[in-house]
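Enquirer: Hey, dropping work.pdb in here, PDB, C-alpha atoms, pLDDT in the B column:
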```pdb
MODEL        1
ATOM      1  CA  MET I  29     128.025  96.235  78.361  1.00 31.00           C
ATOM      2  CA  GLY I  30     124.903  98.008  77.167  1.00 36.00           C
ATOM      3  CA  GLY I  31     124.687 101.703  76.382  1.00 38.00           C
ATOM      4  CA  ASN I  32     123.321 102.594  79.824  1.00 39.00           C
ATOM      5  CA  ASP I  33     125.778 100.569  81.900  1.00 41.00           C
ATOM      6  CA  LEU I  34     128.031 102.431  84.301  1.00 39.00           C
ATOM      7  CA  SER I  35     131.655 101.623  84.910  1.00 39.00           C
ATOM      8  CA  GLU I  36     134.096 102.672  87.597  1.00 42.00           C
ATOM      9  CA  ASP I  37     135.588 105.078  85.047  1.00 42.00           C
ATOM     10  CA  ASP I  38     132.390 107.125  84.870  1.00 45.00           C
ATOM     11  CA  GLU I  39     132.957 110.460  86.497  1.00 47.00           C
ATOM     12  CA  ASP I  40     130.245 112.339  88.342  1.00 54.00           C
ATOM     13  CA  TYR I  41     127.141 110.275  87.623  1.00 66.00           C
ATOM     14  CA  SER I  42     125.092 111.579  90.503  1.00 77.00           C
ATOM     15  CA  ARG I  43     121.439 110.828  90.972  1.00 83.00           C
ATOM     16  CA  ARG I  44     118.962 113.123  92.687  1.00 84.00           C
ATOM     17  CA  PHE I  45     115.729 112.326  94.433  1.00 86.00           C
ATOM     18  CA  ASP I  46     113.364 114.199  96.701  1.00 88.00           C
ATOM     19  CA  LEU I  47     111.621 112.969  99.797  1.00 93.00           C
ATOM     20  CA  ASP I  48     108.491 114.934 100.605  1.00 95.00           C
ATOM     21  CA  LEU I  49     106.002 115.104 103.402  1.00 98.00           C
ATOM     22  CA  TRP I  50     102.753 115.823 101.537  1.00 98.00           C
ATOM     23  CA  ILE I  51      99.557 116.907 103.266  1.00 98.00           C
ATOM     24  CA  VAL I  52      96.102 117.516 101.840  1.00 98.00           C
ATOM     25  CA  HIS I  53      93.619 119.033 104.301  1.00 98.00           C
ATOM     26  CA  PRO I  54      90.040 120.251 103.843  1.00 98.00           C
ATOM     27  CA  THR I  55      90.241 123.275 106.182  1.00 97.00           C
ATOM     28  CA  MET I  56      93.668 123.932 107.751  1.00 97.00           C
ATOM     29  CA  SER I  57      95.796 126.736 106.353  1.00 97.00           C
ATOM     30  CA  PRO I  58      99.374 126.096 105.220  1.00 97.00           C
ATOM     31  CA  ASN I  59     100.621 128.234 108.129  1.00 97.00           C
ATOM     32  CA  GLU I  60      98.680 126.120 110.646  1.00 97.00           C
ATOM     33  CA  ILE I  61     100.217 122.950 109.215  1.00 98.00           C
ATOM     34  CA  SER I  62     103.733 124.439 109.291  1.00 98.00           C
ATOM     35  CA  ARG I  63     103.287 125.540 112.914  1.00 97.00           C
ATOM     36  CA  ALA I  64     101.820 122.194 114.004  1.00 97.00           C
ATOM     37  CA  LEU I  65     104.689 120.227 112.453  1.00 97.00           C
ATOM     38  CA  ASN I  66     107.407 122.810 113.086  1.00 96.00           C
ATOM     39  CA  LEU I  67     108.447 122.379 109.449  1.00 96.00           C
ATOM     40  CA  GLY I  68     108.654 124.814 106.576  1.00 95.00           C
ATOM     41  CA  ALA I  69     106.676 124.200 103.425  1.00 95.00           C
ATOM     42  CA  HIS I  70     108.262 124.381  99.989  1.00 92.00           C
ATOM     43  CA  VAL I  71     104.984 124.353  98.074  1.00 91.00           C
ATOM     44  CA  THR I  72     101.565 125.399  99.360  1.00 95.00           C
ATOM     45  CA  ARG I  73      98.151 126.361  98.208  1.00 94.00           C
ATOM     46  CA  ALA I  74      95.363 127.198 100.615  1.00 96.00           C
ATOM     47  CA  VAL I  75      91.743 126.141 100.609  1.00 97.00           C
ATOM     48  CA  GLY I  76      89.653 128.954  99.109  1.00 96.00           C
ATOM     49  CA  GLU I  77      92.539 130.663  97.268  1.00 95.00           C
ATOM     50  CA  ALA I  78      92.069 131.598  93.639  1.00 95.00           C
ATOM     51  CA  ARG I  79      93.380 128.927  91.278  1.00 94.00           C
ATOM     52  CA  ILE I  80      96.410 129.883  89.179  1.00 91.00           C
ATOM     53  CA  THR I  81      98.783 128.137  86.790  1.00 89.00           C
ATOM     54  CA  PRO I  82     102.497 127.779  87.669  1.00 83.00           C
ATOM     55  CA  GLN I  83     103.071 130.728  85.313  1.00 89.00           C
ATOM     56  CA  GLY I  84     100.632 132.873  87.349  1.00 89.00           C
ATOM     57  CA  ARG I  85      97.646 132.884  84.981  1.00 94.00           C
ATOM     58  CA  ARG I  86      94.287 132.932  86.807  1.00 95.00           C
ATOM     59  CA  LEU I  87      92.018 129.928  86.397  1.00 95.00           C
ATOM     60  CA  PRO I  88      88.314 129.725  87.199  1.00 95.00           C
ATOM     61  CA  GLY I  89      87.325 128.850  90.752  1.00 96.00           C
ATOM     62  CA  VAL I  90      89.179 128.364  94.008  1.00 96.00           C
ATOM     63  CA  TYR I  91      91.173 125.507  95.487  1.00 95.00           C
ATOM     64  CA  PRO I  92      88.863 123.050  97.278  1.00 96.00           C
ATOM     65  CA  ASP I  93      91.483 122.044  99.854  1.00 97.00           C
ATOM     66  CA  THR I  94      94.898 122.942 101.216  1.00 97.00           C
ATOM     67  CA  ARG I  95      97.989 121.315  99.732  1.00 97.00           C
ATOM     68  CA  TRP I  96     101.238 121.491 101.713  1.00 97.00           C
ATOM     69  CA  ARG I  97     104.623 119.974 100.806  1.00 96.00           C
ATOM     70  CA  HIS I  98     107.914 119.853 102.715  1.00 97.00           C
ATOM     71  CA  THR I  99     110.795 118.661 100.519  1.00 95.00           C
ATOM     72  CA  LYS I 100     114.325 117.410 101.108  1.00 93.00           C
ATOM     73  CA  ARG I 101     116.590 116.869  98.095  1.00 90.00           C
ATOM     74  CA  TYR I 102     119.261 114.172  98.112  1.00 83.00           C
ATOM     75  CA  THR I 103     122.149 113.550  95.734  1.00 83.00           C
ATOM     76  CA  VAL I 104     123.739 110.104  95.702  1.00 77.00           C
ATOM     77  CA  GLU I 105     126.459 108.558  93.585  1.00 74.00           C
ATOM     78  CA  GLU I 106     124.838 105.138  93.408  1.00 75.00           C
ATOM     79  CA  GLN I 107     121.293 103.827  93.090  1.00 82.00           C
ATOM     80  CA  TRP I 108     120.527 103.529  96.806  1.00 78.00           C
ATOM     81  CA  PHE I 109     117.827 105.616  98.475  1.00 81.00           C
ATOM     82  CA  GLY I 110     116.433 103.340 101.222  1.00 85.00           C
ATOM     83  CA  ASP I 111     118.647 104.604 104.059  1.00 86.00           C
ATOM     84  CA  GLU I 112     117.680 108.221 103.402  1.00 89.00           C
ATOM     85  CA  LEU I 113     114.005 107.228 103.285  1.00 91.00           C
ATOM     86  CA  ALA I 114     114.395 105.420 106.619  1.00 93.00           C
ATOM     87  CA  ARG I 115     115.995 108.504 108.225  1.00 93.00           C
ATOM     88  CA  PHE I 116     113.361 110.830 106.753  1.00 94.00           C
ATOM     89  CA  VAL I 117     110.514 108.703 108.118  1.00 96.00           C
ATOM     90  CA  GLU I 118     112.210 108.201 111.487  1.00 95.00           C
ATOM     91  CA  ASN I 119     112.587 111.986 111.840  1.00 95.00           C
ATOM     92  CA  LEU I 120     108.811 112.299 111.490  1.00 97.00           C
ATOM     93  CA  ARG I 121     108.269 110.280 114.700  1.00 96.00           C
ATOM     94  CA  SER I 122     108.772 113.424 116.784  1.00 96.00           C
ATOM     95  CA  ARG I 123     105.797 114.919 114.930  1.00 97.00           C
ATOM     96  CA  SER I 124     103.449 111.977 115.529  1.00 97.00           C
ATOM     97  CA  GLU I 125     100.948 113.950 117.647  1.00 97.00           C
ATOM     98  CA  ALA I 126     100.687 116.725 115.072  1.00 98.00           C
ATOM     99  CA  LEU I 127     100.297 114.214 112.242  1.00 98.00           C
ATOM    100  CA  ALA I 128      97.551 112.409 114.195  1.00 98.00           C
ATOM    101  CA  LYS I 129      95.660 115.698 114.720  1.00 98.00           C
ATOM    102  CA  ILE I 130      95.953 116.566 111.035  1.00 98.00           C
ATOM    103  CA  GLN I 131      94.617 113.120 110.115  1.00 98.00           C
ATOM    104  CA  ALA I 132      91.829 113.233 112.743  1.00 98.00           C
ATOM    105  CA  THR I 133      90.535 116.493 111.248  1.00 98.00           C
ATOM    106  CA  GLY I 134      90.325 115.121 107.712  1.00 98.00           C
ATOM    107  CA  GLY I 135      93.906 115.450 106.495  1.00 98.00           C
ATOM    108  CA  ILE I 136      95.705 112.951 104.306  1.00 98.00           C
ATOM    109  CA  THR I 137      99.427 112.587 105.005  1.00 98.00           C
ATOM    110  CA  SER I 138     101.918 110.942 102.668  1.00 97.00           C
ATOM    111  CA  VAL I 139     105.609 110.490 102.086  1.00 95.00           C
ATOM    112  CA  ILE I 140     106.477 110.952  98.432  1.00 93.00           C
ATOM    113  CA  ILE I 141     109.628 109.604  96.820  1.00 86.00           C
ATOM    114  CA  GLN I 142     110.378 111.608  93.667  1.00 84.00           C
ATOM    115  CA  PHE I 143     112.978 110.149  91.336  1.00 82.00           C
ATOM    116  CA  LEU I 144     114.111 113.092  89.242  1.00 83.00           C
ATOM    117  CA  GLY I 145     115.069 111.401  85.979  1.00 79.00           C
ATOM    118  CA  ASP I 146     118.780 111.091  86.747  1.00 79.00           C
ATOM    119  CA  GLY I 147     119.201 107.402  85.999  1.00 79.00           C
ATOM    120  CA  TYR I 148     118.573 104.083  87.651  1.00 76.00           C
ATOM    121  CA  PHE I 149     117.372 103.790  91.249  1.00 82.00           C
ATOM    122  CA  GLY I 150     116.819 100.546  93.075  1.00 79.00           C
ATOM    123  CA  ASP I 151     116.974  99.541  96.697  1.00 82.00           C
ATOM    124  CA  GLU I 152     115.439  97.423  99.410  1.00 84.00           C
ATOM    125  CA  ILE I 153     113.346  99.112 102.075  1.00 89.00           C
ATOM    126  CA  GLY I 154     113.576  97.312 105.400  1.00 89.00           C
ATOM    127  CA  LEU I 155     110.452  96.384 107.335  1.00 93.00           C
ATOM    128  CA  GLU I 156     111.063  99.114 109.926  1.00 93.00           C
ATOM    129  CA  THR I 157     110.381 101.957 107.493  1.00 92.00           C
ATOM    130  CA  PRO I 158     106.926 100.883 106.283  1.00 93.00           C
ATOM    131  CA  SER I 159     106.051  99.834 109.860  1.00 95.00           C
ATOM    132  CA  THR I 160     106.882 103.336 111.100  1.00 95.00           C
ATOM    133  CA  MET I 161     104.882 104.837 108.245  1.00 94.00           C
ATOM    134  CA  VAL I 162     101.852 102.750 109.246  1.00 97.00           C
ATOM    135  CA  GLU I 163     102.271 103.849 112.895  1.00 96.00           C
ATOM    136  CA  LEU I 164     102.328 107.486 111.763  1.00 97.00           C
ATOM    137  CA  GLY I 165      99.409 107.092 109.353  1.00 97.00           C
ATOM    138  CA  LEU I 166     101.556 107.958 106.334  1.00 96.00           C
ATOM    139  CA  ARG I 167     100.801 106.769 102.828  1.00 95.00           C
ATOM    140  CA  LEU I 168     103.621 106.096 100.364  1.00 93.00           C
ATOM    141  CA  ASP I 169     103.535 107.804  96.967  1.00 93.00           C
ATOM    142  CA  ILE I 170     106.166 107.438  94.246  1.00 89.00           C
ATOM    143  CA  GLU I 171     106.763 109.886  91.394  1.00 86.00           C
ATOM    144  CA  CYS I 172     109.211 109.145  88.583  1.00 85.00           C
ATOM    145  CA  PHE I 173     110.291 111.657  85.970  1.00 82.00           C
ATOM    146  CA  VAL I 174     111.623 110.392  82.647  1.00 78.00           C
ATOM    147  CA  VAL I 175     113.322 113.687  81.817  1.00 74.00           C
ATOM    148  CA  PRO I 176     115.791 115.115  84.376  1.00 75.00           C
ATOM    149  CA  GLN I 177     114.260 117.873  86.513  1.00 78.00           C
ATOM    150  CA  THR I 178     116.323 121.030  86.955  1.00 75.00           C
ATOM    151  CA  ALA I 179     114.328 123.106  89.438  1.00 68.00           C
ATOM    152  CA  GLU I 180     115.377 123.153  93.069  1.00 68.00           C
ATOM    153  CA  PRO I 181     112.632 122.505  95.651  1.00 68.00           C
ATOM    154  CA  GLY I 182     111.051 125.506  97.306  1.00 57.00           C
TER     155      GLY I 182
ENDMDL
END
```
Would you write the structure of this file as structure tokens?

Expert:
Amino acid sequence: MGGNDLSEDDEDYSRRFDLDLWIVHPTMSPNEISRALNLGAHVTRAVGEARITPQGRRLPGVYPDTRWRHTKRYTVEEQWFGDELARFVENLRSRSEALAKIQATGGITSVIIQFLGDGYFGDEIGLETPSTMVELGLRLDIECFVVPQTAEPG
């Protein structure tokens, strides 16, 4: 076996990933988006707000659009993530009208899979999940971190 192979003797080799609903909108406020979707945001910035670094240092200018992110963190013992993605997307069906209004007024809506640098992930995503995403007007984005991420969402 190679140096990165896992055996049944390996103790807690958990893997973490986030599933996010990500919205970019030219005019809506983060609060309007949260109310429309009946979901809390973990990360927001509003159109017209002063730009700042994550450390709080002011940058020139203002944000040109609103960015809104709702995040769910998952921890799994094996590489599989497809079932959680399917459930996450299916749970967005009840918000289809709100998503359509956000999109109709210039918003871009995406589901982001973030692999947090905790080892190998691989899975098959059944046809139902991307079909539902197309119905809901959701793009799919994938983010992979090489170095494990320690911060909790929100």

Enquirer: Take CA of Lys129 in chain I and CA of Glu60 in chain I and report the distance between them in Å, one decimal.

Expert: 11.6 Å

Enquirer: Would you kindly translate the PyMOL selection byres ((chain I and resi 166) around 7) into the concrete residues it picks from this file, as an NGL selection string?

Expert: :I and (137-139 or 161-162 or 164-165 or 167-168)

Enquirer: I'd like to know which of I:Ala69, I:Leu155, I:Leu144, I:Val75 is closest to Phe173 in chain I, using all atoms listed in the file.

Expert: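 With all atoms listed in the file as the atom set, the closest residue is I:Leu144.
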
Enquirer: Which residue gives the smallest distance to Leu113 in chain I among I:Asp93, I:Glu163, I:Glu125, I:Asp151, with only C-alpha atoms counted?

Expert: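 Among I:Asp93, I:Glu163, I:Glu125, I:Asp151, it is I:Asp151 that comes nearest to Leu113 in chain I.
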
Enquirer: Pick from I:Asp146, I:Ala64, I:Tyr91, I:Leu49: nearest to Ile130 in chain I, with all atoms listed in the file counted?

Expert: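 Between I:Asp146, I:Ala64, I:Tyr91, I:Leu49, the residue approaching Ile130 in chain I most closely is I:Ala64.
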
Enquirer: In Å to one decimal, how far is CA of Val52 in chain I from CA of Arg123 in chain I?

Expert: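 Atom-to-atom, CA of Arg123 in chain I to CA of Val52 in chain I, that is 16.5 Å.
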
Enquirer: Going by the chain IDs and residue numbers used in this file, which residues fall under the PyMOL selection byres ((chain I and resi 76-85) around 12)? Write them as a short mmCIF file (atom, residue, chain, number, x, y, z; two decimals) with C-alpha atoms, keeping the file's coordinate frame.

Expert:
```cif
data_model
loop_
_atom_site.label_atom_id
_atom_site.label_comp_id
_atom_site.auth_asym_id
_atom_site.auth_seq_id
_atom_site.Cartn_x
_atom_site.Cartn_y
_atom_site.Cartn_z
CA HIS I 53 93.62 119.03 104.30
CA PRO I 54 90.04 120.25 103.84
CA THR I 55 90.24 123.28 106.18
CA MET I 56 93.67 123.93 107.75
CA SER I 57 95.80 126.74 106.35
CA PRO I 58 99.37 126.10 105.22
CA VAL I 71 104.98 124.35 98.07
CA THR I 72 101.56 125.40 99.36
CA ARG I 73 98.15 126.36 98.21
CA ALA I 74 95.36 127.20 100.62
CA VAL I 75 91.74 126.14 100.61
CA ARG I 86 94.29 132.93 86.81
CA LEU I 87 92.02 129.93 86.40
CA PRO I 88 88.31 129.72 87.20
CA GLY I 89 87.32 128.85 90.75
CA VAL I 90 89.18 128.36 94.01
CA TYR I 91 91.17 125.51 95.49
CA PRO I 92 88.86 123.05 97.28
CA ASP I 93 91.48 122.04 99.85
CA THR I 94 94.90 122.94 101.22
CA ARG I 95 97.99 121.32 99.73
#
```

Enquirer: Between I:Glu171, I:Gly154, I:Leu65, I:Asn59, single out the one closest to Gly110 in chain I, counting only C-alpha atoms.

Expert: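 Among I:Glu171, I:Gly154, I:Leu65, I:Asn59, it is I:Gly154 that comes nearest to Gly110 in chain I.
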
Enquirer: Show me the residues close to (102.9, 118.4, 106.0) - anything with an atom within 6 Å, counting all atoms listed in the file - and format the list as a list of chain:residue names.

Expert: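 Here is the list of nearby residues: I:Leu49, I:Trp50, I:Ile51, I:Trp96, I:Arg97.
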
Enquirer: What does the distance from CA of Asn119 in chain I to CA of His70 in chain I come to in Å, to one decimal?

Expert: 17.7 Å

Enquirer: So, with all atoms listed in the file as the atoms that count, which of I:Phe116, I:Pro158, I:Pro176, I:Asn66 lies closest to Tyr102 in chain I?

Expert: I:Phe116

Enquirer: Can you work out which one of I:Gly135, I:Glu106, I:Glu112, I:Glu118 has the shortest atom-to-atom distance to Gly150 in chain I, counting only C-alpha atoms?

Expert: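 Closest to Gly150 in chain I of all the choices is I:Glu106.
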